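Below is one structure, written out as structure tokens; the observations come after it.
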Amino acid sequence: MSKEKILDPNTLITSKTDLKGNIIYANDDFLKYAGYKMEEILYKPHNIVRHPDMPRTVFKCLWDYIQDGREIFAFVKNKTKQNDYYWVFTNVTASFDEQGSIINYYSVRRKPKSEAISTIEQVYKILLEVEQKKGIKAGIDELMNIVNSYGMNYNQLILELQK
Ligand SMILES: Cc1cc2nc3c(=O)[nH]c(=O)nc-3n(C[C@H](O)[C@H](O)[C@H](O)COP(=O)(O)O)c2cc1C
């Protein structure tokens with residue numbers, strides 16, 4: 001049976017990736033919650049912690065934002081090496097060189113509000129169903145419909161849920 005690991009309120013889980021999403025840095029809290037040793041994750045794709053309950057739509061949205069140089073916030077359910085899971089509230093940003101080109105990506109995660117997770121679990125269930133039946137574009141359209149129904153943009157809604 002898969003168990004939830006709840007983040008300590010003071011925890012900050014950080015990681016850095018190259019342009020393709022391979023992990024080039026992870027802090028001790030990352031290793032602690034994901035259950036890996038540094039040598040097991042370094043230079044591996046970040047989807048090593050991907051949980052199957054996460055809609056592809058959310059990651060498509062994440063990559064669209066960060067490749068465009070914009071920051072993004074998200075609630076993410078991650079899988080540990082031991083097949084347990086932990087929810088995070090995350091911020092992902094691009095880092096730039098002096099010419100303004102993106103050189104890598106950085107993310108910081110902390111404990112999400114439990115009320116936010118109840119809401120987001122329902123949203124992700126809908127997105128999973130839509131993308132599985134009708135594809136990723138339909139998933140994105142559905143996400144935008146949900147976001148618009150709150151009269152906000154995507155990041156505003158996610159930040160509002162974490163307040
Ligand atoms: C800086 C950064 C941090 C990321 N953190 C996570 C994470 O914690 N969990 C996760 O499942 N994907 C994370 N991703 C997204 C993954 O790169 C990947 O897109 C996602 O796991 C979906 O896997 P897939 O693209 O193979 O379908 C992160 C990406 C970047 C650039």
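Residue names in the structure tokens use chain letters A, B, ... in the order shown, residue numbers from 1 in each chain, and ligand numbers from 1 in the order shown.
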
Which residues form the shell of 10 Å around ligand 1 when you count only C-alpha atoms and all ligand atoms, given as a short mmCIF file (atom, residue, chain, number, x, y, z; two decimals) with all heavy atoms, in the first residue's frame?
data_model
loop_
_atom_site.label_atom_id
_atom_site.label_comp_id
_atom_site.auth_asym_id
_atom_site.auth_seq_id
_atom_site.Cartn_x
_atom_site.Cartn_y
_atom_site.Cartn_z
N ILE A 13 12.31 21.77 -0.60
CA ILE A 13 12.92 20.77 -1.49
C ILE A 13 13.33 21.50 -2.77
O ILE A 13 12.49 22.11 -3.43
CB ILE A 13 11.91 19.66 -1.83
CG1 ILE A 13 11.50 18.90 -0.57
CG2 ILE A 13 12.49 18.70 -2.87
CD1 ILE A 13 10.46 17.82 -0.81
N THR A 14 14.62 21.43 -3.11
CA THR A 14 15.05 22.15 -4.31
C THR A 14 15.75 21.20 -5.29
O THR A 14 16.34 20.19 -4.90
CB THR A 14 16.02 23.30 -3.98
OG1 THR A 14 17.24 22.76 -3.50
CG2 THR A 14 15.45 24.25 -2.97
N SER A 15 15.65 21.56 -6.56
CA SER A 15 16.42 20.84 -7.58
C SER A 15 16.65 21.75 -8.78
O SER A 15 15.92 22.74 -8.97
CB SER A 15 15.71 19.56 -8.02
OG SER A 15 14.47 19.85 -8.60
N LYS A 16 17.67 21.40 -9.52
CA LYS A 16 18.02 22.16 -10.71
C LYS A 16 18.16 21.18 -11.86
O LYS A 16 18.63 20.05 -11.65
CB LYS A 16 19.37 22.85 -10.46
CG LYS A 16 19.69 23.98 -11.41
CD LYS A 16 21.13 24.40 -11.26
CE LYS A 16 21.31 25.44 -10.17
NZ LYS A 16 22.71 25.95 -10.19
N THR A 17 17.69 21.57 -13.05
CA THR A 17 17.84 20.69 -14.21
C THR A 17 18.54 21.41 -15.36
O THR A 17 18.58 22.64 -15.39
CB THR A 17 16.47 20.18 -14.76
OG1 THR A 17 15.84 21.25 -15.47
CG2 THR A 17 15.57 19.68 -13.66
N ASP A 18 19.05 20.60 -16.30
CA ASP A 18 19.54 21.19 -17.54
C ASP A 18 18.32 21.49 -18.43
O ASP A 18 17.17 21.31 -18.02
CB ASP A 18 20.56 20.25 -18.21
CG ASP A 18 19.97 18.92 -18.65
OD1 ASP A 18 18.72 18.77 -18.67
OD2 ASP A 18 20.76 18.01 -18.98
N LEU A 19 18.59 21.89 -19.66
CA LEU A 19 17.50 22.33 -20.53
C LEU A 19 16.55 21.19 -20.92
O LEU A 19 15.42 21.43 -21.33
CB LEU A 19 18.06 22.99 -21.80
CG LEU A 19 18.89 24.25 -21.54
CD1 LEU A 19 19.40 24.84 -22.85
CD2 LEU A 19 18.08 25.30 -20.77
N LYS A 20 17.04 19.95 -20.79
CA LYS A 20 16.19 18.81 -21.15
C LYS A 20 15.44 18.23 -19.95
O LYS A 20 14.71 17.25 -20.09
CB LYS A 20 17.06 17.70 -21.74
CG LYS A 20 17.63 18.05 -23.10
CD LYS A 20 18.40 16.85 -23.62
CE LYS A 20 19.05 17.15 -24.94
NZ LYS A 20 20.24 16.32 -25.13
N GLY A 21 15.68 18.78 -18.74
CA GLY A 21 14.99 18.26 -17.56
C GLY A 21 15.76 17.17 -16.84
O GLY A 21 15.19 16.44 -16.03
N ASN A 22 17.06 17.05 -17.14
CA ASN A 22 17.90 16.12 -16.36
C ASN A 22 18.35 16.81 -15.08
O ASN A 22 18.77 17.98 -15.12
CB ASN A 22 19.13 15.70 -17.17
CG ASN A 22 18.75 14.96 -18.42
OD1 ASN A 22 17.97 14.01 -18.36
ND2 ASN A 22 19.27 15.40 -19.55
N ILE A 23 18.32 16.08 -13.98
CA ILE A 23 18.66 16.68 -12.68
C ILE A 23 20.17 16.95 -12.61
O ILE A 23 20.98 16.04 -12.84
CB ILE A 23 18.25 15.72 -11.54
CG1 ILE A 23 16.72 15.54 -11.54
CG2 ILE A 23 18.73 16.25 -10.18
CD1 ILE A 23 16.23 14.42 -10.64
N ILE A 24 20.52 18.21 -12.32
CA ILE A 24 21.95 18.53 -12.17
C ILE A 24 22.26 18.97 -10.74
O ILE A 24 23.42 19.19 -10.39
CB ILE A 24 22.44 19.59 -13.20
CG1 ILE A 24 21.58 20.85 -13.15
CG2 ILE A 24 22.44 19.00 -14.60
CD1 ILE A 24 22.12 22.00 -14.00
N TYR A 25 21.22 19.12 -9.94
CA TYR A 25 21.42 19.44 -8.52
C TYR A 25 20.16 19.05 -7.76
O TYR A 25 19.04 19.22 -8.26
CB TYR A 25 21.68 20.94 -8.33
CG TYR A 25 21.61 21.35 -6.87
CD1 TYR A 25 22.68 21.09 -6.01
CD2 TYR A 25 20.46 21.95 -6.35
CE1 TYR A 25 22.59 21.43 -4.66
CE2 TYR A 25 20.38 22.29 -5.01
CZ TYR A 25 21.44 22.03 -4.17
OH TYR A 25 21.34 22.35 -2.85
N ALA A 26 20.33 18.53 -6.55
CA ALA A 26 19.18 18.29 -5.65
C ALA A 26 19.68 18.47 -4.23
O ALA A 26 20.81 18.08 -3.91
CB ALA A 26 18.64 16.88 -5.84
N PHE A 30 15.39 17.00 -0.88
CA PHE A 30 14.93 16.27 -2.07
C PHE A 30 15.22 14.78 -1.89
O PHE A 30 14.34 13.92 -2.07
CB PHE A 30 15.65 16.80 -3.32
CG PHE A 30 15.13 16.20 -4.62
CD1 PHE A 30 14.38 16.97 -5.49
CD2 PHE A 30 15.38 14.88 -4.95
CE1 PHE A 30 13.88 16.42 -6.67
CE2 PHE A 30 14.90 14.32 -6.12
CZ PHE A 30 14.14 15.10 -6.99
N ALA A 34 12.28 11.99 -1.54
CA ALA A 34 12.16 11.12 -2.72
C ALA A 34 12.75 9.74 -2.44
O ALA A 34 12.46 8.78 -3.15
CB ALA A 34 12.84 11.76 -3.92
N LYS A 44 19.87 12.13 -14.14
CA LYS A 44 18.69 11.37 -14.59
C LYS A 44 17.55 12.35 -14.90
O LYS A 44 17.49 13.43 -14.31
CB LYS A 44 18.20 10.42 -13.49
CG LYS A 44 19.20 9.39 -13.04
CD LYS A 44 19.09 8.13 -13.89
CE LYS A 44 20.28 7.23 -13.73
NZ LYS A 44 20.50 6.79 -12.36
N PRO A 45 16.62 11.96 -15.79
CA PRO A 45 15.47 12.83 -16.06
C PRO A 45 14.64 13.07 -14.79
O PRO A 45 14.48 12.15 -13.98
CB PRO A 45 14.65 12.04 -17.08
CG PRO A 45 15.59 11.06 -17.67
CD PRO A 45 16.60 10.74 -16.60
N HIS A 46 14.11 14.28 -14.66
CA HIS A 46 13.36 14.63 -13.46
C HIS A 46 12.09 13.80 -13.33
O HIS A 46 11.51 13.68 -12.24
CB HIS A 46 13.03 16.13 -13.44
CG HIS A 46 13.00 16.69 -12.06
ND1 HIS A 46 12.19 16.15 -11.07
CD2 HIS A 46 13.66 17.69 -11.47
CE1 HIS A 46 12.36 16.83 -9.95
NE2 HIS A 46 13.26 17.76 -10.16
N ASN A 47 11.64 13.20 -14.42
CA ASN A 47 10.42 12.38 -14.30
C ASN A 47 10.66 11.10 -13.48
O ASN A 47 9.76 10.28 -13.34
CB ASN A 47 9.81 12.06 -15.67
CG ASN A 47 10.70 11.18 -16.51
OD1 ASN A 47 11.70 10.63 -16.02
ND2 ASN A 47 10.35 11.03 -17.77
N ILE A 48 11.85 10.94 -12.92
CA ILE A 48 12.13 9.83 -12.01
C ILE A 48 11.18 9.86 -10.80
O ILE A 48 10.84 8.84 -10.24
CB ILE A 48 13.62 9.83 -11.56
CG1 ILE A 48 14.00 8.51 -10.87
CG2 ILE A 48 13.97 11.01 -10.68
CD1 ILE A 48 15.50 8.28 -10.73
N VAL A 49 10.71 11.07 -10.43
CA VAL A 49 9.77 11.18 -9.30
C VAL A 49 8.32 11.37 -9.78
O VAL A 49 7.43 11.65 -8.99
CB VAL A 49 10.15 12.32 -8.31
CG1 VAL A 49 11.42 11.98 -7.56
CG2 VAL A 49 10.24 13.67 -9.00
N ARG A 50 8.11 11.23 -11.07
CA ARG A 50 6.77 11.45 -11.62
C ARG A 50 5.78 10.41 -11.08
O ARG A 50 6.05 9.22 -11.12
CB ARG A 50 6.83 11.36 -13.14
CG ARG A 50 5.58 11.92 -13.76
CD ARG A 50 5.04 11.08 -14.85
NE ARG A 50 3.64 11.41 -14.99
CZ ARG A 50 3.10 11.90 -16.06
NH1 ARG A 50 3.81 12.11 -17.11
NH2 ARG A 50 1.83 12.19 -16.08
N HIS A 51 4.63 10.89 -10.64
CA HIS A 51 3.59 9.98 -10.15
C HIS A 51 2.54 9.81 -11.25
O HIS A 51 2.15 10.78 -11.90
CB HIS A 51 2.95 10.57 -8.89
CG HIS A 51 2.13 9.58 -8.14
ND1 HIS A 51 0.90 9.15 -8.58
CD2 HIS A 51 2.39 8.88 -7.01
CE1 HIS A 51 0.42 8.25 -7.74
NE2 HIS A 51 1.31 8.07 -6.77
N PRO A 52 2.04 8.57 -11.44
CA PRO A 52 1.07 8.35 -12.53
C PRO A 52 -0.26 9.10 -12.37
O PRO A 52 -0.99 9.26 -13.35
CB PRO A 52 0.82 6.83 -12.50
CG PRO A 52 1.41 6.34 -11.22
CD PRO A 52 2.44 7.32 -10.79
N ASP A 53 -0.56 9.58 -11.14
CA ASP A 53 -1.79 10.36 -10.96
C ASP A 53 -1.66 11.78 -11.51
O ASP A 53 -2.65 12.52 -11.56
CB ASP A 53 -2.15 10.48 -9.47
CG ASP A 53 -2.66 9.16 -8.90
OD1 ASP A 53 -2.88 8.23 -9.69
OD2 ASP A 53 -2.81 9.08 -7.67
N MET A 54 -0.44 12.19 -11.87
CA MET A 54 -0.25 13.56 -12.38
C MET A 54 -0.63 13.63 -13.86
O MET A 54 -0.10 12.87 -14.68
CB MET A 54 1.23 13.96 -12.23
CG MET A 54 1.61 14.40 -10.85
SD MET A 54 0.68 15.84 -10.27
CE MET A 54 1.19 17.13 -11.40
N PRO A 55 -1.52 14.57 -14.21
CA PRO A 55 -1.88 14.72 -15.62
C PRO A 55 -0.70 15.23 -16.46
O PRO A 55 0.06 16.08 -15.99
CB PRO A 55 -2.99 15.77 -15.60
CG PRO A 55 -3.36 15.97 -14.18
CD PRO A 55 -2.22 15.52 -13.34
N ARG A 56 -0.57 14.73 -17.67
CA ARG A 56 0.47 15.22 -18.59
C ARG A 56 0.26 16.70 -18.88
O ARG A 56 1.20 17.44 -19.14
CB ARG A 56 0.38 14.44 -19.91
CG ARG A 56 1.04 13.08 -19.86
CD ARG A 56 1.26 12.55 -21.26
NE ARG A 56 0.00 12.37 -21.99
CZ ARG A 56 -0.17 12.63 -23.29
NH1 ARG A 56 0.82 13.06 -24.02
NH2 ARG A 56 -1.34 12.43 -23.87
N THR A 57 -1.01 17.11 -18.86
CA THR A 57 -1.38 18.50 -19.13
C THR A 57 -0.59 19.47 -18.25
O THR A 57 -0.15 20.52 -18.71
CB THR A 57 -2.90 18.68 -18.86
OG1 THR A 57 -3.60 17.83 -19.75
CG2 THR A 57 -3.34 20.11 -19.03
N VAL A 58 -0.45 19.12 -16.97
CA VAL A 58 0.21 20.02 -16.02
C VAL A 58 1.69 20.20 -16.42
O VAL A 58 2.22 21.31 -16.39
CB VAL A 58 0.09 19.49 -14.58
CG1 VAL A 58 0.89 20.34 -13.60
CG2 VAL A 58 -1.38 19.43 -14.17
N PHE A 59 2.34 19.10 -16.83
CA PHE A 59 3.76 19.20 -17.20
C PHE A 59 3.93 19.91 -18.54
O PHE A 59 4.90 20.62 -18.75
CB PHE A 59 4.41 17.82 -17.21
CG PHE A 59 4.45 17.20 -15.84
CD1 PHE A 59 3.79 16.01 -15.57
CD2 PHE A 59 5.10 17.85 -14.80
CE1 PHE A 59 3.80 15.46 -14.30
CE2 PHE A 59 5.11 17.31 -13.52
CZ PHE A 59 4.46 16.11 -13.27
N LYS A 60 2.95 19.74 -19.42
CA LYS A 60 2.99 20.47 -20.70
C LYS A 60 2.94 21.97 -20.41
O LYS A 60 3.72 22.76 -20.95
CB LYS A 60 1.81 20.02 -21.58
CG LYS A 60 1.53 20.88 -22.79
CD LYS A 60 2.40 20.46 -23.97
CE LYS A 60 2.06 21.17 -25.26
NZ LYS A 60 2.59 22.51 -25.40
N CYS A 61 2.03 22.33 -19.53
CA CYS A 61 1.86 23.73 -19.13
C CYS A 61 3.16 24.24 -18.48
O CYS A 61 3.65 25.33 -18.81
CB CYS A 61 0.69 23.78 -18.15
SG CYS A 61 0.14 25.39 -17.72
N LEU A 62 3.73 23.41 -17.59
CA LEU A 62 4.98 23.78 -16.89
C LEU A 62 6.10 24.08 -17.91
O LEU A 62 6.74 25.13 -17.86
CB LEU A 62 5.38 22.64 -15.96
CG LEU A 62 6.64 22.78 -15.10
CD1 LEU A 62 6.45 22.00 -13.79
CD2 LEU A 62 7.90 22.28 -15.77
N TRP A 63 6.28 23.15 -18.85
CA TRP A 63 7.37 23.34 -19.83
C TRP A 63 7.09 24.52 -20.76
O TRP A 63 8.01 25.25 -21.15
CB TRP A 63 7.61 22.04 -20.61
CG TRP A 63 8.46 21.09 -19.83
CD1 TRP A 63 8.04 20.02 -19.09
CD2 TRP A 63 9.89 21.16 -19.65
NE1 TRP A 63 9.11 19.41 -18.48
CE2 TRP A 63 10.25 20.08 -18.81
CE3 TRP A 63 10.88 22.02 -20.12
CZ2 TRP A 63 11.58 19.84 -18.43
CZ3 TRP A 63 12.20 21.77 -19.75
CH2 TRP A 63 12.54 20.70 -18.92
N ILE A 66 8.12 27.66 -18.65
CA ILE A 66 9.54 27.87 -18.33
C ILE A 66 10.40 28.02 -19.58
O ILE A 66 11.36 28.77 -19.58
CB ILE A 66 10.10 26.80 -17.35
CG1 ILE A 66 10.07 25.40 -17.95
CG2 ILE A 66 9.37 26.86 -16.02
CD1 ILE A 66 10.72 24.33 -17.07
N GLN A 67 10.02 27.33 -20.66
CA GLN A 67 10.79 27.49 -21.90
C GLN A 67 10.59 28.89 -22.48
O GLN A 67 11.39 29.37 -23.28
CB GLN A 67 10.41 26.42 -22.92
CG GLN A 67 10.99 25.07 -22.53
CD GLN A 67 10.61 23.94 -23.47
OE1 GLN A 67 9.54 23.95 -24.07
NE2 GLN A 67 11.49 22.96 -23.60
N ALA A 74 2.85 25.29 -9.17
CA ALA A 74 2.02 24.09 -9.38
C ALA A 74 1.96 23.25 -8.12
O ALA A 74 2.88 23.30 -7.29
CB ALA A 74 2.59 23.25 -10.53
N PHE A 75 0.88 22.50 -8.01
CA PHE A 75 0.81 21.46 -6.99
C PHE A 75 1.16 20.15 -7.70
O PHE A 75 0.58 19.83 -8.74
CB PHE A 75 -0.60 21.37 -6.41
CG PHE A 75 -0.96 22.60 -5.61
CD1 PHE A 75 -1.75 23.60 -6.18
CD2 PHE A 75 -0.50 22.76 -4.32
CE1 PHE A 75 -2.06 24.75 -5.46
CE2 PHE A 75 -0.81 23.90 -3.59
CZ PHE A 75 -1.60 24.89 -4.16
N VAL A 76 2.14 19.44 -7.15
CA VAL A 76 2.62 18.22 -7.81
C VAL A 76 2.64 17.06 -6.81
O VAL A 76 3.12 17.20 -5.68
CB VAL A 76 4.04 18.44 -8.40
CG1 VAL A 76 4.54 17.16 -9.08
CG2 VAL A 76 4.05 19.59 -9.40
N LYS A 77 2.11 15.93 -7.27
CA LYS A 77 2.19 14.69 -6.49
C LYS A 77 3.40 13.93 -7.03
O LYS A 77 3.45 13.62 -8.23
CB LYS A 77 0.91 13.88 -6.69
CG LYS A 77 0.85 12.61 -5.87
CD LYS A 77 -0.51 11.92 -6.10
CE LYS A 77 -0.70 10.74 -5.19
NZ LYS A 77 -2.06 10.16 -5.34
N ASN A 78 4.36 13.67 -6.17
CA ASN A 78 5.58 12.98 -6.58
C ASN A 78 5.64 11.58 -5.97
O ASN A 78 5.12 11.34 -4.89
CB ASN A 78 6.82 13.77 -6.13
CG ASN A 78 7.16 14.88 -7.10
OD1 ASN A 78 6.85 14.81 -8.29
ND2 ASN A 78 7.83 15.91 -6.60
N LYS A 79 6.35 10.71 -6.69
CA LYS A 79 6.49 9.32 -6.24
C LYS A 79 7.88 9.11 -5.65
O LYS A 79 8.86 9.59 -6.21
CB LYS A 79 6.29 8.41 -7.44
CG LYS A 79 6.05 6.96 -7.10
CD LYS A 79 5.81 6.15 -8.34
CE LYS A 79 7.15 5.91 -9.04
NZ LYS A 79 7.07 4.92 -10.11
N TYR A 86 4.40 12.07 -2.13
CA TYR A 86 4.39 13.31 -1.34
C TYR A 86 3.94 14.45 -2.24
O TYR A 86 4.36 14.56 -3.38
CB TYR A 86 5.77 13.59 -0.72
CG TYR A 86 6.92 13.70 -1.70
CD1 TYR A 86 7.45 14.94 -2.07
CD2 TYR A 86 7.48 12.55 -2.27
CE1 TYR A 86 8.50 15.03 -2.98
CE2 TYR A 86 8.53 12.64 -3.17
CZ TYR A 86 9.03 13.87 -3.52
OH TYR A 86 10.05 13.96 -4.43
N TRP A 87 3.02 15.26 -1.70
CA TRP A 87 2.52 16.42 -2.43
C TRP A 87 3.41 17.63 -2.14
O TRP A 87 3.84 17.82 -1.00
CB TRP A 87 1.10 16.75 -1.98
CG TRP A 87 0.03 15.97 -2.67
CD1 TRP A 87 -0.59 14.86 -2.19
CD2 TRP A 87 -0.57 16.25 -3.94
NE1 TRP A 87 -1.54 14.43 -3.09
CE2 TRP A 87 -1.54 15.27 -4.17
CE3 TRP A 87 -0.37 17.24 -4.91
CZ2 TRP A 87 -2.33 15.24 -5.32
CZ3 TRP A 87 -1.15 17.21 -6.06
CH2 TRP A 87 -2.11 16.23 -6.26
N VAL A 88 3.65 18.43 -3.16
CA VAL A 88 4.42 19.66 -2.97
C VAL A 88 3.72 20.83 -3.66
O VAL A 88 2.97 20.64 -4.62
CB VAL A 88 5.86 19.53 -3.55
CG1 VAL A 88 6.67 18.49 -2.79
CG2 VAL A 88 5.84 19.22 -5.05
N PHE A 89 4.00 22.01 -3.13
CA PHE A 89 3.65 23.26 -3.81
C PHE A 89 4.96 23.76 -4.38
O PHE A 89 5.92 23.97 -3.64
CB PHE A 89 3.08 24.26 -2.78
CG PHE A 89 2.93 25.64 -3.31
CD1 PHE A 89 2.00 25.93 -4.30
CD2 PHE A 89 3.71 26.68 -2.82
CE1 PHE A 89 1.86 27.23 -4.79
CE2 PHE A 89 3.58 27.97 -3.29
CZ PHE A 89 2.65 28.25 -4.28
N THR A 90 5.02 23.89 -5.70
CA THR A 90 6.31 24.17 -6.32
C THR A 90 6.32 25.44 -7.16
O THR A 90 5.30 25.84 -7.71
CB THR A 90 6.76 22.97 -7.18
OG1 THR A 90 8.08 23.17 -7.63
CG2 THR A 90 5.87 22.78 -8.39
N ASN A 91 7.50 26.02 -7.23
CA ASN A 91 7.76 27.16 -8.11
C ASN A 91 8.94 26.76 -8.99
O ASN A 91 9.95 26.29 -8.48
CB ASN A 91 8.12 28.40 -7.27
CG ASN A 91 8.64 29.56 -8.12
OD1 ASN A 91 9.81 29.91 -8.06
ND2 ASN A 91 7.77 30.14 -8.90
N VAL A 92 8.78 26.89 -10.31
CA VAL A 92 9.85 26.53 -11.23
C VAL A 92 10.21 27.76 -12.06
O VAL A 92 9.32 28.44 -12.60
CB VAL A 92 9.46 25.36 -12.17
CG1 VAL A 92 10.67 24.88 -12.97
CG2 VAL A 92 8.85 24.21 -11.40
N THR A 93 11.51 28.02 -12.14
CA THR A 93 11.98 29.20 -12.87
C THR A 93 13.15 28.85 -13.79
O THR A 93 13.87 27.87 -13.55
CB THR A 93 12.51 30.29 -11.90
OG1 THR A 93 13.40 29.67 -10.98
CG2 THR A 93 11.39 30.96 -11.15
N ALA A 94 13.31 29.66 -14.81
CA ALA A 94 14.46 29.53 -15.70
C ALA A 94 15.58 30.43 -15.19
O ALA A 94 15.32 31.48 -14.60
CB ALA A 94 14.07 29.95 -17.11
N ASN A 104 19.49 26.96 -17.44
CA ASN A 104 18.99 25.82 -16.68
C ASN A 104 17.68 26.19 -15.99
O ASN A 104 17.20 27.33 -16.14
CB ASN A 104 20.03 25.29 -15.67
CG ASN A 104 20.56 26.35 -14.75
OD1 ASN A 104 19.79 27.14 -14.19
ND2 ASN A 104 21.88 26.42 -14.60
N TYR A 105 17.12 25.24 -15.28
CA TYR A 105 15.85 25.48 -14.57
C TYR A 105 16.01 25.09 -13.11
O TYR A 105 16.76 24.18 -12.77
CB TYR A 105 14.72 24.65 -15.19
CG TYR A 105 14.46 24.96 -16.63
CD1 TYR A 105 14.79 24.04 -17.64
CD2 TYR A 105 13.91 26.18 -17.01
CE1 TYR A 105 14.56 24.32 -18.97
CE2 TYR A 105 13.68 26.48 -18.35
CZ TYR A 105 14.01 25.54 -19.33
OH TYR A 105 13.79 25.84 -20.63
N TYR A 106 15.27 25.82 -12.26
CA TYR A 106 15.42 25.64 -10.82
C TYR A 106 14.03 25.52 -10.20
O TYR A 106 13.10 26.23 -10.63
CB TYR A 106 16.15 26.86 -10.25
CG TYR A 106 16.51 26.74 -8.80
CD1 TYR A 106 17.45 25.81 -8.37
CD2 TYR A 106 15.90 27.56 -7.84
CE1 TYR A 106 17.78 25.70 -7.02
CE2 TYR A 106 16.23 27.46 -6.50
CZ TYR A 106 17.17 26.52 -6.11
OH TYR A 106 17.49 26.40 -4.78
N SER A 107 13.89 24.65 -9.23
CA SER A 107 12.58 24.57 -8.57
C SER A 107 12.72 24.48 -7.06
O SER A 107 13.67 23.88 -6.53
CB SER A 107 11.78 23.38 -9.09
OG SER A 107 12.43 22.20 -8.79
N VAL A 108 11.78 25.13 -6.41
CA VAL A 108 11.70 25.15 -4.94
C VAL A 108 10.31 24.64 -4.57
O VAL A 108 9.32 25.11 -5.14
CB VAL A 108 11.87 26.57 -4.38
CG1 VAL A 108 11.89 26.55 -2.86
CG2 VAL A 108 13.12 27.22 -4.91
N ARG A 109 10.26 23.73 -3.60
CA ARG A 109 8.97 23.14 -3.22
C ARG A 109 8.79 23.20 -1.71
O ARG A 109 9.74 22.99 -0.98
CB ARG A 109 8.92 21.66 -3.63
CG ARG A 109 9.28 21.42 -5.06
CD ARG A 109 9.50 19.94 -5.33
NE ARG A 109 9.97 19.69 -6.68
CZ ARG A 109 11.23 19.83 -7.06
NH1 ARG A 109 12.15 20.19 -6.19
NH2 ARG A 109 11.59 19.61 -8.31
#

Residues of stretch 33-156 of chain A in strand (DSSP E or B), written as an NGL selection string: :A and (45 or 50 or 72-79 or 85-96 or 102-110)

Test item, helix (DSSP H, G or I) assignment across chain A, answer as JSON, numbers by chain: {"A": [28, 29, 30, 31, 32, 33, 34, 38, 39, 40, 41, 46, 47, 48, 49, 56, 57, 58, 59, 60, 61, 62, 63, 64, 65, 66, 67, 114, 115, 116, 117, 118, 119, 120, 121, 122, 123, 124, 125, 126, 127, 128, 129, 130, 131, 132, 133, 134, 136, 137, 138, 139, 140, 141, 142, 143, 144, 145, 146, 147, 148, 149, 154, 155, 156, 157, 158, 159, 160, 161, 162]}

Point-to-point distance from atom CA of A:Pro9 to atom CA of A:Leu159, Å rounded to tenths: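 Between these atoms lies a distance of 17.1 Å.
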
Residues within 8 Å of A:Gly139, only C-alpha atoms, excluding chain neighbours under 2 positions, as a ChimeraX atom specification: /A:57,127-128,130-131,134-137,141-143

Distance in Å - atom CA of A:Lys111 versus atom CA of A:Ile146: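 Separation of atom CA of A:Lys111 and atom CA of A:Ile146: 23.5 Å.
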
Long-range neighbours of A:Ser2 as a PyMOL selection string, 7 Å cut-off, only C-alpha atoms, 2 positions minimum in chain: chain A and resi 4+83-84

Test item: residues at most 8 Å from A:Tyr36, only C-alpha atoms, excluding those fewer than 3 positions along its chain, as a list in words: Leu31, Lys32, Glu40, Ile41, Thr80 and Lys81 of chain A

Residue selection dump (C-alpha atoms) as an mmCIF file, in the first residue's frame:
data_model
loop_
_atom_site.group_PDB
_atom_site.id
_atom_site.type_symbol
_atom_site.label_atom_id
_atom_site.label_comp_id
_atom_site.auth_asym_id
_atom_site.auth_seq_id
_atom_site.Cartn_x
_atom_site.Cartn_y
_atom_site.Cartn_z
ATOM 1 C CA LEU A 31 16.865 13.084 -1.356
ATOM 2 C CA LYS A 32 15.146 12.617 1.999
ATOM 3 C CA GLU A 40 20.913 7.524 -8.134
ATOM 4 C CA ILE A 41 19.296 10.704 -9.437
ATOM 5 C CA THR A 80 9.262 8.106 -3.958
ATOM 6 C CA LYS A 81 11.704 5.312 -4.733
#

Contacts of stretch 152-156 of chain A within 9 Å, only C-alpha atoms, excl. fewer than 4 positions in-chain, as a PyMOL selection string: chain A and resi 71-74+143-144+147-148+160-161
